[in-house]
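For reference, start.csv is printed below; it contains CSV, C-alpha atoms.
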```
chain,number,residue,atom,x,y,z
L,1,ILE,CA,21.9,41.2,-6.2
L,2,VAL,CA,21.7,38.0,-8.3
L,3,PRO,CA,19.0,38.0,-11.0
L,4,ARG,CA,16.2,35.6,-10.3
L,5,ALA,CA,16.9,33.6,-13.5
L,6,GLU,CA,20.5,33.0,-12.4
L,7,ARG,CA,19.4,32.0,-8.9
L,8,GLU,CA,17.0,29.5,-10.4
L,9,ALA,CA,19.7,28.1,-12.7
L,10,GLU,CA,22.1,27.7,-9.7
L,11,ARG,CA,19.6,25.5,-7.8
L,12,PRO,CA,20.4,21.8,-8.0
L,13,SER,CA,17.9,20.1,-10.2
L,14,ALA,CA,15.9,17.1,-8.9
L,15,PRO,CA,17.3,13.8,-9.9
L,16,PRO,CA,15.6,12.2,-12.9
L,17,ARG,CA,12.9,9.7,-12.3
L,18,SER,CA,11.1,7.1,-14.4
L,19,ARG,CA,7.5,6.2,-14.0
L,20,ALA,CA,5.7,2.9,-13.3
L,21,ARG,CA,2.0,2.6,-13.7
L,22,VAL,CA,-0.4,-0.2,-12.6
L,23,ASP,CA,-4.2,-0.3,-13.2
L,24,MET,CA,-6.1,-3.4,-12.1
L,25,THR,CA,-9.7,-4.2,-11.3
L,26,PHE,CA,-10.9,-7.0,-8.9
L,27,GLU,CA,-14.5,-8.1,-8.4
L,28,ARG,CA,-16.5,-10.3,-6.0
L,29,ARG,CA,-20.1,-11.4,-6.5
L,30,VAL,CA,-21.9,-10.8,-3.2
L,31,LYS,CA,-25.3,-12.0,-2.0
L,32,PRO,CA,-27.4,-8.9,-1.3
L,33,GLY,CA,-28.6,-8.4,2.3
L,34,PRO,CA,-31.4,-6.3,3.7
L,35,ARG,CA,-29.3,-3.2,3.2
L,36,PRO,CA,-28.0,-2.6,-0.3
L,37,LEU,CA,-24.3,-3.0,-1.2
L,38,SER,CA,-24.5,0.3,-3.1
L,39,GLU,CA,-25.3,2.0,0.3
L,40,TYR,CA,-22.5,0.2,2.1
L,41,VAL,CA,-19.7,1.3,-0.3
L,42,ARG,CA,-20.7,4.9,0.2
L,43,LEU,CA,-20.6,4.9,4.0
L,44,PRO,CA,-18.6,7.9,5.3
L,45,ALA,CA,-15.2,7.2,6.7
L,46,GLU,CA,-16.2,7.7,10.3
L,47,LYS,CA,-18.5,4.6,9.9
L,48,TYR,CA,-15.7,2.4,8.6
L,49,SER,CA,-14.6,-0.8,10.3
L,50,VAL,CA,-10.8,-0.7,10.5
L,51,LEU,CA,-10.7,-4.4,9.3
L,52,ASP,CA,-7.6,-5.1,11.5
L,53,SER,CA,-7.4,-3.4,14.9
L,54,SER,CA,-3.7,-4.3,15.4
L,55,GLN,CA,-2.5,-2.3,12.4
L,56,ILE,CA,-5.0,0.3,11.4
L,57,GLU,CA,-5.7,3.4,13.5
L,58,ARG,CA,-8.2,6.1,12.9
L,59,VAL,CA,-6.5,9.5,12.8
L,60,ASP,CA,-9.5,11.8,12.2
L,61,GLY,CA,-12.8,11.8,10.4
L,62,ASN,CA,-11.5,10.5,7.0
L,63,SER,CA,-7.8,9.6,7.6
L,64,PHE,CA,-6.2,6.4,8.9
L,65,LYS,CA,-2.7,5.3,9.8
L,66,MET,CA,-1.5,1.9,8.8
L,67,ASP,CA,1.3,0.4,10.9
L,68,MET,CA,2.6,-2.8,9.2
L,69,GLY,CA,4.9,-3.7,12.2
L,70,GLU,CA,8.5,-4.9,12.0
L,71,ILE,CA,9.3,-7.1,9.1
L,72,LYS,CA,12.5,-9.1,8.7
L,73,LEU,CA,13.3,-9.6,5.1
L,74,PRO,CA,14.6,-12.9,3.7
L,75,MET,CA,18.1,-11.4,3.1
L,76,GLY,CA,18.5,-11.8,6.8
L,77,PHE,CA,20.3,-8.5,7.6
L,78,ILE,CA,17.4,-6.1,6.7
L,79,THR,CA,14.6,-5.2,9.1
L,80,VAL,CA,11.9,-2.7,8.0
L,81,HIS,CA,9.0,-1.1,9.8
L,82,PRO,CA,6.7,0.6,7.2
L,83,THR,CA,3.9,3.0,8.0
L,84,ALA,CA,1.4,4.7,5.7
L,85,ARG,CA,-1.3,7.2,5.8
L,86,ALA,CA,-4.6,6.7,4.0
L,87,GLN,CA,-7.4,9.1,3.2
L,88,VAL,CA,-11.0,8.3,2.2
L,89,GLU,CA,-13.3,10.4,0.0
L,90,LEU,CA,-16.8,9.6,-1.3
L,91,THR,CA,-17.4,9.3,-5.0
L,92,PRO,CA,-20.8,9.1,-6.9
L,93,THR,CA,-20.5,5.3,-7.0
L,94,GLY,CA,-18.6,4.5,-3.8
L,95,ALA,CA,-15.4,5.7,-2.2
L,96,ARG,CA,-11.8,6.4,-3.1
L,97,GLN,CA,-9.1,5.3,-0.6
L,98,SER,CA,-5.8,7.0,-1.3
L,99,VAL,CA,-2.4,6.4,0.3
L,100,LYS,CA,-0.9,9.8,1.0
L,101,GLY,CA,2.5,8.8,2.4
L,102,VAL,CA,4.7,5.8,3.0
L,103,SER,CA,7.8,5.8,5.2
L,104,PHE,CA,10.2,3.2,6.6
L,105,GLU,CA,12.3,2.8,9.7
L,106,GLY,CA,14.7,-0.1,10.4
L,107,LYS,CA,18.2,-1.1,9.6
L,108,PRO,CA,20.7,-1.0,8.0
L,109,GLU,CA,20.3,2.8,7.6
L,110,ARG,CA,21.6,2.8,4.0
L,111,VAL,CA,18.9,0.4,2.9
L,112,ILE,CA,16.2,2.2,4.7
L,113,ASN,CA,17.3,5.5,3.1
L,114,SER,CA,17.1,3.9,-0.3
L,115,MET,CA,13.6,2.5,0.4
L,116,ASN,CA,12.4,6.0,1.6
L,117,ARG,CA,13.8,7.5,-1.6
L,118,MET,CA,12.0,4.8,-3.6
L,119,PHE,CA,8.6,5.6,-2.0
L,120,GLU,CA,8.9,9.4,-2.0
L,121,GLU,CA,6.6,9.8,-5.0
L,122,ILE,CA,4.0,7.2,-5.1
L,123,ASN,CA,0.3,7.8,-5.8
L,124,TRP,CA,-1.9,4.8,-4.8
L,125,SER,CA,-5.7,4.7,-4.9
L,126,ASN,CA,-8.4,2.1,-4.5
L,127,GLU,CA,-11.9,2.9,-5.8
L,128,VAL,CA,-14.5,0.8,-4.2
L,129,SER,CA,-17.9,0.6,-6.0
L,130,ALA,CA,-20.9,-1.7,-6.3
L,131,GLU,CA,-23.2,-2.8,-9.1
L,132,GLU,CA,-26.5,-4.6,-9.0
L,133,ALA,CA,-26.6,-7.8,-11.1
L,134,GLY,CA,-30.0,-9.5,-10.8
L,135,GLU,CA,-30.0,-11.7,-7.7
L,136,GLU,CA,-26.4,-10.8,-6.9
L,137,SER,CA,-24.4,-7.6,-6.4
L,138,ILE,CA,-20.9,-7.0,-7.6
L,139,LEU,CA,-18.3,-5.6,-5.2
L,140,ARG,CA,-15.6,-3.9,-7.3
L,141,CYS,CA,-12.1,-2.5,-6.4
L,142,THR,CA,-10.2,-0.6,-9.0
L,143,ILE,CA,-6.5,-0.1,-8.2
L,144,GLY,CA,-4.4,2.7,-9.6
L,145,MET,CA,-0.7,3.2,-8.9
L,146,ASP,CA,1.5,5.9,-10.4
L,147,TRP,CA,5.1,5.6,-9.1
L,148,ALA,CA,8.0,8.0,-9.9
L,149,LEU,CA,11.2,5.9,-9.4
L,150,PRO,CA,14.5,7.6,-8.7
L,151,GLN,CA,17.4,6.4,-10.8
L,152,GLY,CA,20.2,4.4,-9.3
L,153,LEU,CA,18.1,1.9,-7.4
L,154,GLY,CA,18.5,-0.9,-10.0
L,155,ILE,CA,14.9,-1.5,-10.7
L,156,THR,CA,13.0,-0.6,-13.9
L,157,PRO,CA,9.4,0.5,-14.3
L,158,ARG,CA,8.6,-2.7,-16.2
L,159,MET,CA,10.1,-4.8,-13.4
L,160,LEU,CA,8.2,-2.9,-10.7
L,161,GLU,CA,4.9,-3.1,-12.6
L,162,GLY,CA,5.2,-6.9,-12.8
L,163,LEU,CA,6.0,-7.1,-9.0
L,164,LEU,CA,3.1,-4.8,-8.0
L,165,SER,CA,0.6,-6.7,-10.2
L,166,ARG,CA,1.7,-9.9,-8.5
L,167,LEU,CA,1.3,-8.4,-5.0
L,168,MET,CA,-2.1,-7.1,-5.8
L,169,LYS,CA,-3.3,-10.5,-7.0
L,170,PHE,CA,-2.1,-11.8,-3.7
L,171,ALA,CA,-3.6,-9.1,-1.5
L,172,MET,CA,-6.9,-8.1,-3.1
L,173,PRO,CA,-8.8,-11.4,-2.6
L,174,TRP,CA,-8.2,-11.1,1.1
L,175,PHE,CA,-9.3,-7.4,1.1
L,176,LEU,CA,-12.5,-8.3,-0.9
L,177,THR,CA,-13.2,-11.1,1.6
L,178,GLN,CA,-12.9,-8.7,4.5
L,179,LEU,CA,-15.3,-6.2,2.8
L,180,GLU,CA,-17.8,-9.0,2.0
L,181,ARG,CA,-17.8,-10.1,5.7
L,182,ASP,CA,-18.1,-6.5,6.9
L,183,TYR,CA,-21.0,-5.9,4.5
L,184,GLY,CA,-22.7,-9.0,5.8
L,185,ARG,CA,-22.6,-7.7,9.3
L,186,TRP,CA,-23.6,-4.2,8.4
L,187,SER,CA,-26.4,-5.3,6.1
L,188,THR,CA,-28.2,-7.1,8.8
L,189,GLY,CA,-28.2,-4.1,11.1
L,190,ASP,CA,-24.9,-4.4,13.0
L,191,ASP,CA,-23.6,-0.8,13.3
L,192,THR,CA,-21.0,-1.4,15.9
L,193,ARG,CA,-18.2,-1.2,13.3
L,194,ASP,CA,-15.9,-3.3,15.4
L,195,ALA,CA,-12.7,-4.6,13.7
L,196,LEU,CA,-13.0,-7.9,11.9
L,197,SER,CA,-9.6,-9.3,12.8
L,198,GLU,CA,-6.4,-8.7,14.7
L,199,GLY,CA,-3.1,-9.8,13.2
L,200,GLU,CA,-4.4,-11.1,9.8
L,201,MET,CA,-3.1,-8.0,8.0
L,202,ARG,CA,0.3,-8.3,9.6
L,203,ASP,CA,0.6,-11.9,8.5
L,204,LEU,CA,-0.4,-10.9,4.9
L,205,THR,CA,2.0,-8.0,4.9
L,206,GLN,CA,4.9,-10.2,6.0
L,207,LYS,CA,4.2,-12.7,3.2
L,208,MET,CA,3.9,-9.9,0.6
L,209,ALA,CA,7.2,-8.3,1.8
L,210,PHE,CA,9.0,-11.6,1.6
L,211,ASP,CA,7.7,-12.2,-1.9
L,212,PHE,CA,8.6,-8.6,-3.0
L,213,ALA,CA,12.1,-8.9,-1.5
L,214,ARG,CA,12.8,-12.2,-3.2
L,215,LYS,CA,11.6,-11.1,-6.5
L,216,THR,CA,13.4,-7.7,-6.5
L,217,VAL,CA,16.7,-9.2,-5.5
L,218,ALA,CA,16.3,-12.0,-8.0
L,219,GLU,CA,15.5,-9.6,-10.9
L,220,GLY,CA,18.3,-7.2,-10.2
L,221,PHE,CA,17.2,-4.7,-7.5
L,222,GLY,CA,19.4,-4.5,-4.5
L,223,SER,CA,22.6,-2.9,-5.5
L,224,ASP,CA,22.3,-0.8,-2.3
L,225,THR,CA,21.4,-3.7,-0.2
L,226,LYS,CA,24.2,-5.8,-1.5
L,227,ARG,CA,26.7,-3.0,-0.8
L,228,GLY,CA,25.2,-2.6,2.6
L,229,LYS,CA,25.7,-6.2,3.4
L,230,LYS,CA,29.3,-6.1,2.3
L,231,ASN,CA,29.9,-3.0,4.4
L,232,GLU,CA,28.2,-4.6,7.4
L,233,MET,CA,30.3,-7.7,7.1
L,234,ARG,CA,33.5,-5.6,6.7
L,235,ASP,CA,32.7,-3.5,9.8
L,236,LYS,CA,32.3,-6.5,12.1
L,237,PRO,CA,35.2,-7.2,14.4
L,238,ASN,CA,37.2,-10.3,13.8
```
Could you quickly redo this structure as structure tokens?
Amino acid sequence: IVPRAEREAERPSAPPRSRARVDMTFERRVKPGPRPLSEYVRLPAEKYSVLDSSQIERVDGNSFKMDMGEIKLPMGFITVHPTARAQVELTPTGARQSVKGVSFEGKPERVINSMNRMFEEINWSNEVSAEEAGEESILRCTIGMDWALPQGLGITPRMLEGLLSRLMKFAMPWFLTQLERDYGRWSTGDDTRDALSEGEMRDLTQKMAFDFARKTVAEGFGSDTKRGKKNEMRDKPN
């Protein structure tokens, strides 16, 4: 019988990780409707509009699956198909939307494996709240990201924090616009909760993925992708 302490010592330790952290707040001034904005941001998840019916699917009462579709990155030889799960919980001032898992399919396999490793330990949340401001209301989204990065991928926390901040500045105005439109419908008594669009989120995701890929490769990430490209070219028949 091997003592427990020795068994624990024999187990391979997890590879070291460094952490990236992003905290950002985005606001939009909204004209109040017959129903208050503060009530809208606290709607239960089952009364949510999915915003884009082609990419967001309701899984159960408070969970959603986001399918970003197939994306061909600008390097030309990489195709990714990301999916994510999101969960909604109410807070005293609104709601917290949390991403619970991100995974990738696609090719080449080596690159996809690296991307899945990269996204293994990411905590992402968006807290939506409202504030009354005289004749206007303020719609507020507070983004929090805590990302544990495995070593060996060629990207530093500082580099990733800059990239994520750039992507959020690109994506959040669209998201706030969607919320403002949906609030306008709901405020006037429309409880159908039909999706606002079909395909807009896919187009936005494609643009963000291209921007992310260009920046990461330009700033040093991509040692695995570059090796993958060389291997792919070497394996092609003459």
(message) Neighbouring residues of segment 118-127 of chain L were defined as those with any atom within 8 Å, considering only C-alpha atoms; residues of the same chain fewer than 3 positions away were excluded. Please report them as a PyMOL selection string.
(response) chain L and resi 94-103+114-115+140-150+153
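Pairwise distance (atom CA of Met159 of chain L, atom CA of Ile71 of chain L) equals 22.6 Å.
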Excluding Ser137 of chain L and residues on its chain fewer than 6 positions from it, collect all residues at most 9 Å away from it, counting only C-alpha atoms, and give them as a PDB file with C-alpha atoms, in the frame of the given file.
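That gives us result.pdb:
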```
ATOM      1  CA  ARG L  28     -16.500 -10.300  -6.000  1.00  0.00           C
ATOM      2  CA  ARG L  29     -20.100 -11.400  -6.500  1.00  0.00           C
ATOM      3  CA  VAL L  30     -21.900 -10.800  -3.200  1.00  0.00           C
ATOM      4  CA  LYS L  31     -25.300 -12.000  -2.000  1.00  0.00           C
ATOM      5  CA  PRO L  32     -27.400  -8.900  -1.300  1.00  0.00           C
ATOM      6  CA  PRO L  36     -28.000  -2.600  -0.300  1.00  0.00           C
ATOM      7  CA  LEU L  37     -24.300  -3.000  -1.200  1.00  0.00           C
ATOM      8  CA  SER L  38     -24.500   0.300  -3.100  1.00  0.00           C
ATOM      9  CA  ALA L 130     -20.900  -1.700  -6.300  1.00  0.00           C
ATOM     10  CA  GLU L 131     -23.200  -2.800  -9.100  1.00  0.00           C
TER      11      GLU L 131
END
```
(request) To one decimal in Å, tell me the separation between atom CA of Val80 of chain L and atom CA of Gly106 of chain L. (result) 4.5 Å
(request) Go through L:Leu51, L:Glu200, L:Pro108, L:Asp60 one by one, measure the shortest atom-to-atom distance of each to Lys72 of chain L using only C-alpha atoms, and give the residue with the smallest value. (result)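 Closest residue, counting only C-alpha atoms: L:Pro108.
Distances to Tyr40 of chain L were evaluated for L:Phe104, L:Asp211, L:Thr177, L:Thr93 using all atoms listed in the file, and the minimum falls at L:Thr93.
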